[in-house]
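A.B. asks: Here it is, the structure in full.
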Amino acid sequence: MSEHTESNVYRVEGFSCAGCAGTFEKNVKKLDGVTDAKVNFGASKITVYGSTNVTELEQAGAFEKLKVRPEHERTASGSIDEQEPSSFIQKHMTVIGSLLFLLFGFLSYGVNGENNLVTVLAFATSMVIGGYSLFKQGLLNLTRLQFDMRTLMTIAVIGAAIIGEWTEGAIVVILFAISEALERFSMDRARQSIRSLMDIAPKEALIKRHGQEMTVNVEDIQIGDVMIVKPGQKLAMDGVVVSGHSSVNQSAITGESIPVEKRVEDEVFAGTLNEEGLLEVCVTKQVKDTTLSKVIQLVEDAQAERAPSQAFVDTFAKYYTPAIIVIAFLVAVLPPLFMGGEWQTWIYQGLAVLVVGCPCALVISTPVAIVTAIGNAAKHGVLIKGGVYLEEIGALKAIAFDKTGTLTKGVPVVTDFVEVSDVNRSELLAIVAALESNSQHPLASAIVRKAEEEQALDRSLKVTDFTSITGKGLKGIVGGVTYYVGSPGLFEDRVADHMERIQPLQEQGKTVMVVGTEKSILALIAVADEVRESSRNVISALHENGIRRTIMLTGDNKGTAHAIAKDIGITNVRAELMPEDKLNQVKQLQAEFGKVAMIGDGVNDAPALAASTVGIAMGGAGTDTALETADIALMGDDIKKLPYTVKLSRRALNIIKQNITFSLGIKLLALMLVVPGWLTLWIAILADVGATLLVTANGLRLLRVKE
């Protein structure tokens with residue numbers, strides 16, 4: 001692979017703010033051999049294009065003591081992505097050291113006075129310990145004329161020292177250090193959603209290879225290996241059951257807590273829990289290709305996506321920071337020059353303006369909300385592929401639904417079995433099932449399942465002279481009697497007497513089949529694609545959540561479509577549509593409502609999903625098409641997740657707006673204190689720390705949104 005296309009992904013520990021992540025990215029891009037670099041702040045990763053090593057990357061991140069390691073590095077214990085735990089004291093050594101010297105400074109202040117050498121030295125030492133990395137990066141930024149938070153703080157603190165405000169300077173440094181530690185903690189809480197996903201699947205598995213059982217690291221498991229999974233164990237890899245029968249809890253992938261029965265030839269997924277029996281599973285995917293790995297990758301990519309509000313904040317901060325520097329300079333210079341003010345007083349006020357103008361809270365206001373919301377959604381079995389879709393779904397006014405497999409189960413079932421002659425129900429059902437088991441018609445399997453459910457299936461019944469009557473039905477001889485099963489048209493004149501029973505069933509959108517002999521009609525069987533139990537509640541919940549219009553787009557006939565729509569509360573129906581018609585309908589709805597979501601199965605609905613504002617796929621676990629084509633995938637393969645997704649998105653939008661408003665509002669309020677001369681450095685930093693704390697705490701509220 002050529003140097004310009006080679007890329008490596010590294011995990012990064014120690015990011016405290018989005019601005020610092022941006023600085024790290026710029027530093028890495030300047031390294032020899034690196035052609036490009038892209039930081040994912042939400043996922044704490046960097047993708048480096050070109051050649052470099054961990055040492056060089058850590059030097060590029062030395063301003064914040066960043067720790068870097070390859071994404072899938074295996075530690076001495078053999079596990080992957082394992083982090084060395086560090087104690088509270090080790091993590092916060094600089095803050096603790098700075099705080100101790102600050103306290104000693106206050107003690108000396110009380111005993112020896114403000115200008116005593118011991119007092120000044122204590123405060124200066126506190127500033128150097130707590131602000132070393134801050135000053136190092138801030139001074140470097142000054143030489144490059146880059147004006148970020150660290151540049152502003154460096155100017156303010158050095159200015160405070162020059163005018164003799166040692167106490168205030170030391171307080172500013174310690175509060176800024178605490179603020180960054182808290183910011184780091186809050187982003188770690190938000191990222192925990194990804195870490196919890198990573199920890200779902202075991203790092204090792206029991207493998208049967210060449211007749212021997214051995215414990216193997218997941219990285220070394222090969223496709224075709226047979227994995228032994230005991231009751232109570234989690235599956236380490238995706239595969240197909242080759243022996244055994246059990247119920248498997250797939251909530252890690254789908255968000256659904258009800259276990260699923262798994263038998264031979266059924267698919268199983270890494271991270272799911274085997275609850276009952278012993279399973280032997282043939283591995284079908286490498287560790288990097290499992291459904292769980294794809295989910296993690298999608299969540300991390302999504303958290304790197306810039307949401308519209310985040311893009312606005314980033315652009316705003318780019319112009320806002322230089323503007324603050326100009327305002328601070330004018331505050332420090334104009335009053336002494338033109339209004340007879342004291343230089344020391346107004347320089348101090350100018351420095352305070354610099355501190356209060358730090359855009360920490362503003363920059364973090366959006367990513368903390370988006371990272372938290374996308375992580376929370378993933379834990380509930382909803383994959384949102386980017387902040388832009390998270391925001392878009394909250395602004396929807398209309399949602400279009402595919403019918404088959406989305407609002408309905410997509411599998412025909414017998415809804416009515418009506419005897420119209422004096423017959424034994426079980427015997428007749430057994431005869432019809434015996435006839436249908438010879439048929440290839442899609443409705444045949446529904447009748448056989450009905451006989452199984454009612455324990456009427458008789459495998460010993462022999463069918464002779466079986467004939468398929470194209471377009472109408474079938475006939476066959478059972479027990480010496482010729483039976484016919486098919487559409488009403490198969491029975492011509494004899495069916496007229498039963499139309500008052502047939503028509504109401506057809507009006508409900510059901511397909512009616514008639515069972516009879518050459519002499520008489522014996523029973524009516526109504527078959528329909530069964531509506532999901534959850535559909536009615538989901539549509540009702542969406543209307544309550546402010547979705548004004550719900551539209552069914554289906555290729556089915558109008559009678560069936562209207563019957564189902566009426567049953568579940570859909571407001572509009574567009575039936576008898578081809579895939580290209582669905583695409584045109586979505587475009588018409590966008591012209592009418594502006595933002596429209598389309599929800600379908602991700603295959604025949606792909607054009608409509610792509611054209612909609614937000615494409616939502618019914619993605620059963622392991623459905624690659626759904627993961628690839630849609631903007632949002634419902635992993636549980638059920639629309640019950642939809643109202644939760646809309647609620648989460650609306651909550652996230654509100655929190656982002658609150659955060660931006662609050663972080664700008666509190667700064668404006670603090671800046672107004674300049675006019676009467678009340679703004680002090682410590683009030684300025686408290687306003688900044690307070691705003692940062694409040695916006696992060698507000699963003700973390702999204703962890704509490706439940707279904």
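Residues are referred to by chain and number: the chain letter is A, B, ... according to the order shown in the structure tokens, the number counts from 1 in that chain, and ligands are numbered separately from 1 in the order shown.
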Sorted by chain and rising residue number, which residues of segment 634-660 of chain A lie within 9 Å of segment 683-702 of chain A, and what are their closest atom pairs and distances in Å to one decimal, counting only C-alpha atoms, as JSON lines?
C.D. replies:
```
{"residue": "A:Leu648", "atom": "CA", "partner": "A:Leu702", "partner_atom": "CA", "distance": 7.4}
{"residue": "A:Arg651", "atom": "CA", "partner": "A:Leu702", "partner_atom": "CA", "distance": 7.3}
{"residue": "A:Ala652", "atom": "CA", "partner": "A:Leu702", "partner_atom": "CA", "distance": 6.9}
{"residue": "A:Ile655", "atom": "CA", "partner": "A:Gly699", "partner_atom": "CA", "distance": 6.4}
{"residue": "A:Ile656", "atom": "CA", "partner": "A:Gly699", "partner_atom": "CA", "distance": 7.6}
{"residue": "A:Gln658", "atom": "CA", "partner": "A:Val695", "partner_atom": "CA", "distance": 8.2}
{"residue": "A:Asn659", "atom": "CA", "partner": "A:Val695", "partner_atom": "CA", "distance": 5.2}
{"residue": "A:Ile660", "atom": "CA", "partner": "A:Val695", "partner_atom": "CA", "distance": 8.3}
```
A.B. asks: When you look at Met499 of chain A with a cut-off of 12 Å (counting only C-alpha atoms), what residues show up, excluding the ones that are within fewer than 3 positions of it in the same chain? I need them as a ChimeraX atom specification.
C.D. replies: /A:420,488-489,491-496,502-507,512,514,521,524
A.B. asks: Do you know which residues are at most 10 Å from Ile221 of chain A counting only C-alpha atoms, after dropping those on the same chain fewer than 6 positions away, and could you put them as a PDB file with C-alpha atoms, in the first residue's frame?
C.D. replies:
```pdb
ATOM      1  CA  GLU A 204     -11.800 -15.198  24.259  1.00  0.00           C
ATOM      2  CA  ALA A 205     -13.847 -18.249  23.240  1.00  0.00           C
ATOM      3  CA  LEU A 206     -13.753 -22.031  23.648  1.00  0.00           C
ATOM      4  CA  ILE A 207     -13.027 -23.469  20.185  1.00  0.00           C
ATOM      5  CA  THR A 215      -9.460 -21.327  24.583  1.00  0.00           C
ATOM      6  CA  MET A 227     -17.254 -22.348  19.016  1.00  0.00           C
ATOM      7  CA  ALA A 236     -17.727 -14.065  21.226  1.00  0.00           C
ATOM      8  CA  MET A 237     -18.332 -14.300  17.451  1.00  0.00           C
ATOM      9  CA  VAL A 283     -17.972 -19.059  13.073  1.00  0.00           C
ATOM     10  CA  LYS A 285     -17.240 -13.771  10.362  1.00  0.00           C
ATOM     11  CA  GLN A 286     -13.929 -12.432  11.621  1.00  0.00           C
ATOM     12  CA  VAL A 287     -14.005 -10.311  14.780  1.00  0.00           C
TER      13      VAL A 287
END
```
A.B. asks: Give me the residues within 6 Å of segment 531-537 of chain A as number ranges by chain, counting only C-alpha atoms and dropping any in the same chain fewer than 5 places off.
C.D. replies: A: 407-409, 568
A.B. asks: Residues of segment 303-514 of chain A in helix (DSSP H, G or I) according to DSSP, as a ChimeraX atom specification?
C.D. replies: /A:303-304,308-338,343-356,360-379,387-394,403-407,425-436,442-453,488-507
A.B. asks: With C-alpha atoms kept, could you save the residues just selected as a compact mmCIF listing (two decimals), in the first residue's frame?
C.D. replies:
```txt
# COMPACT_ATOMS: atom_id res chain seq x y z
CA GLN A 303 -20.30 10.70 16.83
CA ALA A 304 -17.62 12.16 14.53
CA PRO A 308 -25.80 21.40 11.89
CA SER A 309 -25.77 23.09 15.32
CA GLN A 310 -22.22 21.85 15.96
CA ALA A 311 -21.05 23.23 12.62
CA PHE A 312 -22.68 26.56 13.54
CA VAL A 313 -20.96 26.62 16.95
CA ASP A 314 -17.53 25.79 15.44
CA THR A 315 -17.86 28.56 12.83
CA PHE A 316 -19.15 31.00 15.46
CA ALA A 317 -16.26 30.23 17.84
CA LYS A 318 -13.75 30.86 15.02
CA TYR A 319 -14.89 34.51 14.73
CA TYR A 320 -15.96 34.91 18.36
CA THR A 321 -12.48 34.29 19.87
CA PRO A 322 -10.61 37.04 17.95
CA ALA A 323 -13.56 39.39 18.62
CA ILE A 324 -13.20 38.80 22.38
CA ILE A 325 -9.45 39.59 22.19
CA VAL A 326 -10.22 42.90 20.43
CA ILE A 327 -12.94 43.78 23.00
CA ALA A 328 -10.57 42.93 25.90
CA PHE A 329 -7.83 45.12 24.37
CA LEU A 330 -10.26 48.04 23.97
CA VAL A 331 -11.53 47.64 27.57
CA ALA A 332 -7.92 47.73 28.85
CA VAL A 333 -6.78 50.71 26.71
CA LEU A 334 -9.67 53.12 25.97
CA PRO A 335 -10.71 54.19 29.52
CA PRO A 336 -7.12 55.10 30.64
CA LEU A 337 -6.38 56.91 27.34
CA PHE A 338 -9.61 58.89 26.96
CA TRP A 343 -4.13 51.68 33.87
CA GLN A 344 -3.88 48.85 36.44
CA THR A 345 -7.67 48.80 37.05
CA TRP A 346 -8.61 48.69 33.37
CA ILE A 347 -5.85 46.25 32.35
CA TYR A 348 -7.26 43.99 35.07
CA GLN A 349 -10.79 44.46 33.64
CA GLY A 350 -9.46 43.66 30.15
CA LEU A 351 -7.86 40.44 31.43
CA ALA A 352 -11.15 39.49 33.11
CA VAL A 353 -12.95 40.02 29.79
CA LEU A 354 -10.45 37.63 28.16
CA VAL A 355 -11.18 34.95 30.76
CA VAL A 356 -14.96 35.32 30.63
CA CYS A 360 -15.23 26.35 26.52
CA ALA A 361 -18.91 25.93 27.38
CA LEU A 362 -20.02 27.00 23.91
CA VAL A 363 -17.71 24.57 22.10
CA ILE A 364 -18.68 21.58 24.27
CA SER A 365 -22.42 22.42 24.40
CA THR A 366 -23.30 20.39 21.27
CA PRO A 367 -20.87 17.42 21.15
CA VAL A 368 -21.66 16.31 24.72
CA ALA A 369 -25.39 16.15 23.86
CA ILE A 370 -24.86 14.38 20.53
CA VAL A 371 -22.35 11.81 21.83
CA THR A 372 -24.66 11.02 24.77
CA ALA A 373 -27.82 10.73 22.65
CA ILE A 374 -26.26 8.52 19.93
CA GLY A 375 -24.69 6.25 22.57
CA ASN A 376 -27.97 5.96 24.49
CA ALA A 377 -29.84 5.13 21.25
CA ALA A 378 -27.32 2.36 20.41
CA LYS A 379 -27.90 0.75 23.81
CA GLY A 387 -25.69 14.11 14.52
CA VAL A 388 -27.37 15.54 11.42
CA TYR A 389 -29.97 12.70 11.44
CA LEU A 390 -30.41 13.00 15.20
CA GLU A 391 -31.37 16.65 14.70
CA GLU A 392 -33.44 16.07 11.53
CA ILE A 393 -35.74 13.45 13.07
CA GLY A 394 -36.65 15.90 15.83
CA LYS A 403 -46.65 -1.72 4.83
CA THR A 404 -45.34 -5.26 4.42
CA GLY A 405 -42.77 -6.18 7.05
CA THR A 406 -42.94 -2.74 8.68
CA LEU A 407 -46.52 -2.14 9.86
CA ARG A 425 -63.26 -28.76 12.03
CA SER A 426 -60.06 -30.64 12.97
CA GLU A 427 -60.54 -33.35 10.33
CA LEU A 428 -61.26 -30.81 7.58
CA LEU A 429 -58.30 -28.62 8.62
CA ALA A 430 -56.03 -31.73 8.51
CA ILE A 431 -57.27 -32.56 4.97
CA VAL A 432 -56.74 -28.96 3.72
CA ALA A 433 -53.23 -28.88 5.30
CA ALA A 434 -52.38 -32.22 3.62
CA LEU A 435 -53.45 -30.78 0.24
CA GLU A 436 -51.63 -27.45 0.76
CA PRO A 442 -47.23 -18.52 -0.38
CA LEU A 443 -50.59 -18.92 1.39
CA ALA A 444 -50.14 -22.71 1.70
CA SER A 445 -47.59 -22.40 4.52
CA ALA A 446 -50.07 -20.23 6.49
CA ILE A 447 -52.67 -23.03 6.38
CA VAL A 448 -50.14 -25.71 7.38
CA ARG A 449 -49.04 -23.49 10.35
CA LYS A 450 -52.71 -23.06 11.36
CA ALA A 451 -53.16 -26.88 11.41
CA GLU A 452 -49.99 -27.21 13.54
CA GLU A 453 -51.27 -24.56 16.01
CA PRO A 488 -64.27 -18.15 -4.89
CA GLY A 489 -64.09 -18.15 -8.70
CA LEU A 490 -63.10 -21.85 -8.62
CA PHE A 491 -66.56 -22.78 -7.39
CA GLU A 492 -68.55 -20.65 -9.89
CA ASP A 493 -72.34 -20.78 -9.19
CA ARG A 494 -72.13 -22.70 -5.90
CA VAL A 495 -70.35 -19.81 -4.15
CA ALA A 496 -73.20 -17.27 -4.68
CA ASP A 497 -75.05 -18.48 -1.58
CA HIS A 498 -72.04 -17.69 0.59
CA MET A 499 -71.13 -14.20 -0.70
CA GLU A 500 -72.69 -12.49 2.36
CA ARG A 501 -69.97 -14.22 4.44
CA ILE A 502 -67.15 -13.78 1.90
CA GLN A 503 -67.58 -10.05 1.15
CA PRO A 504 -67.13 -8.74 4.75
CA LEU A 505 -63.84 -10.71 4.99
CA GLN A 506 -62.62 -9.28 1.67
CA GLU A 507 -63.55 -5.74 2.79
```
A.B. asks: Looking at only C-alpha atoms, which of A:Asn116, A:Gln297, A:Ser243, A:Ser98 is the one that sits closest to Asn40 of chain A?
C.D. replies: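 Ranking A:Asn116, A:Gln297, A:Ser243, A:Ser98 by distance to Asn40 of chain A, first place goes to A:Gln297.
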A.B. asks: So the first atom is atom CA of Asp637 of chain A and the second is atom CA of Lys288 of chain A; what is the distance between them in Å, to one decimal place?
C.D. replies: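 These two atoms are separated by 23.1 Å.
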A.B. asks: Please list as a CSV table (one decimal) with N, CA and C atoms, in the first residue's frame every residue within 9 Å of Ala610 of chain A, counting only C-alpha atoms and excluding residues in the same chain fewer than 4 positions away.
C.D. replies:
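File produced: result_9.csv:
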```csv
chain,number,residue,atom,x,y,z
A,583,LEU,N,-40.8,6.4,-4.5
A,583,LEU,CA,-39.8,7.5,-4.6
A,583,LEU,C,-40.5,8.8,-4.9
A,598,MET,N,-38.8,8.2,5.9
A,598,MET,CA,-39.4,7.0,5.2
A,598,MET,C,-38.9,5.8,6.0
A,605,ASP,N,-37.3,-0.8,-0.7
A,605,ASP,CA,-37.6,0.6,-0.4
A,605,ASP,C,-36.4,1.5,-0.5
A,606,ALA,N,-35.2,1.0,-0.9
A,606,ALA,CA,-34.0,1.8,-0.9
A,606,ALA,C,-34.1,3.1,-1.7
A,614,VAL,N,-34.8,11.6,6.3
A,614,VAL,CA,-34.2,10.6,7.1
A,614,VAL,C,-34.7,9.3,6.7
A,615,GLY,N,-33.9,8.4,6.3
A,615,GLY,CA,-34.3,7.0,5.9
A,615,GLY,C,-34.1,6.1,7.1
A,629,THR,N,-27.9,1.1,4.0
A,629,THR,CA,-28.7,2.0,3.2
A,629,THR,C,-29.3,3.1,4.0
A,630,ALA,N,-29.6,2.9,5.2
A,630,ALA,CA,-30.4,3.8,6.0
A,630,ALA,C,-29.6,4.8,6.8
A,631,ASP,N,-30.2,5.9,7.2
A,631,ASP,CA,-29.6,6.9,8.1
A,631,ASP,C,-29.8,6.4,9.5
```
A.B. asks: Need the shell around Val264 of chain A: protein/DNA/RNA residues with any atom at most 12 Å away, counting only C-alpha atoms. Skip same-chain ones fewer than 2 positions apart. Format as a PyMOL selection string?
C.D. replies: chain A and resi 239-246+261-262+266-268+278-282
A.B. asks: Residues of segment 363-520 of chain A in strand (DSSP E) according to DSSP, as JSON, numbers by chain?
C.D. replies: {"A": [382, 383, 384, 398, 399, 400, 401, 402, 408, 409, 410, 411, 412, 413, 414, 415, 416, 417, 418, 419, 463, 464, 465, 466, 467, 468, 469, 473, 474, 475, 476, 477, 478, 481, 482, 483, 484, 485, 486, 511, 512, 513, 514, 515, 516]}
A.B. asks: Go ahead and save the picked residues with C-alpha atoms, as a CSV table (one decimal), in the first residue's frame.
C.D. replies:
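Written file, part.csv:
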```
chain,number,residue,atom,x,y,z
A,382,VAL,CA,-31.4,2.2,17.5
A,383,LEU,CA,-28.4,3.1,15.3
A,384,ILE,CA,-28.3,6.8,14.3
A,398,ALA,CA,-44.6,13.6,8.5
A,399,ILE,CA,-43.4,9.9,8.4
A,400,ALA,CA,-44.1,7.5,5.5
A,401,PHE,CA,-44.3,3.8,6.2
A,402,ASP,CA,-43.9,0.8,4.0
A,408,THR,CA,-47.3,-5.8,9.3
A,409,LYS,CA,-45.3,-8.9,10.1
A,410,GLY,CA,-44.7,-9.7,6.4
A,411,VAL,CA,-45.9,-13.3,6.9
A,412,PRO,CA,-49.4,-14.4,5.9
A,413,VAL,CA,-51.5,-16.0,8.6
A,414,VAL,CA,-54.9,-17.7,8.8
A,415,THR,CA,-57.2,-15.2,10.5
A,416,ASP,CA,-60.6,-17.0,10.0
A,417,PHE,CA,-61.6,-20.6,9.5
A,418,VAL,CA,-65.4,-20.7,9.0
A,419,GLU,CA,-67.2,-24.0,8.6
A,463,VAL,CA,-53.1,-37.2,-1.1
A,464,THR,CA,-53.5,-38.7,-4.6
A,465,ASP,CA,-54.3,-37.2,-8.0
A,466,PHE,CA,-53.0,-33.8,-6.8
A,467,THR,CA,-53.5,-31.1,-9.4
A,468,SER,CA,-52.7,-27.3,-9.3
A,469,ILE,CA,-55.3,-25.3,-11.1
A,473,GLY,CA,-56.4,-23.1,-6.6
A,474,LEU,CA,-55.8,-26.9,-6.3
A,475,LYS,CA,-57.6,-30.3,-6.1
A,476,GLY,CA,-56.7,-33.7,-4.7
A,477,ILE,CA,-58.2,-36.9,-3.5
A,478,VAL,CA,-58.0,-37.7,0.2
A,481,VAL,CA,-63.1,-37.9,-1.8
A,482,THR,CA,-62.0,-35.2,-4.2
A,483,TYR,CA,-61.5,-31.9,-2.5
A,484,TYR,CA,-61.0,-28.4,-4.0
A,485,VAL,CA,-59.2,-25.4,-2.3
A,486,GLY,CA,-59.0,-22.1,-4.1
A,511,THR,CA,-57.7,-13.1,0.9
A,512,VAL,CA,-60.6,-15.6,1.0
A,513,MET,CA,-60.1,-19.2,0.0
A,514,VAL,CA,-63.0,-21.7,-0.3
A,515,VAL,CA,-62.9,-25.4,0.6
A,516,GLY,CA,-65.3,-27.8,-1.0
```
A.B. asks: Tell me, in Å to one decimal, how far atom CA of Ala201 of chain A is from atom CA of Ile296 of chain A.
C.D. replies: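 Distance between the two atoms: 11.6 Å.
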A.B. asks: Measure the distance from atom CA of Leu145 of chain A to atom CA of Gly22 of chain A in Å and round it to one decimal.
C.D. replies: 15.3 Å
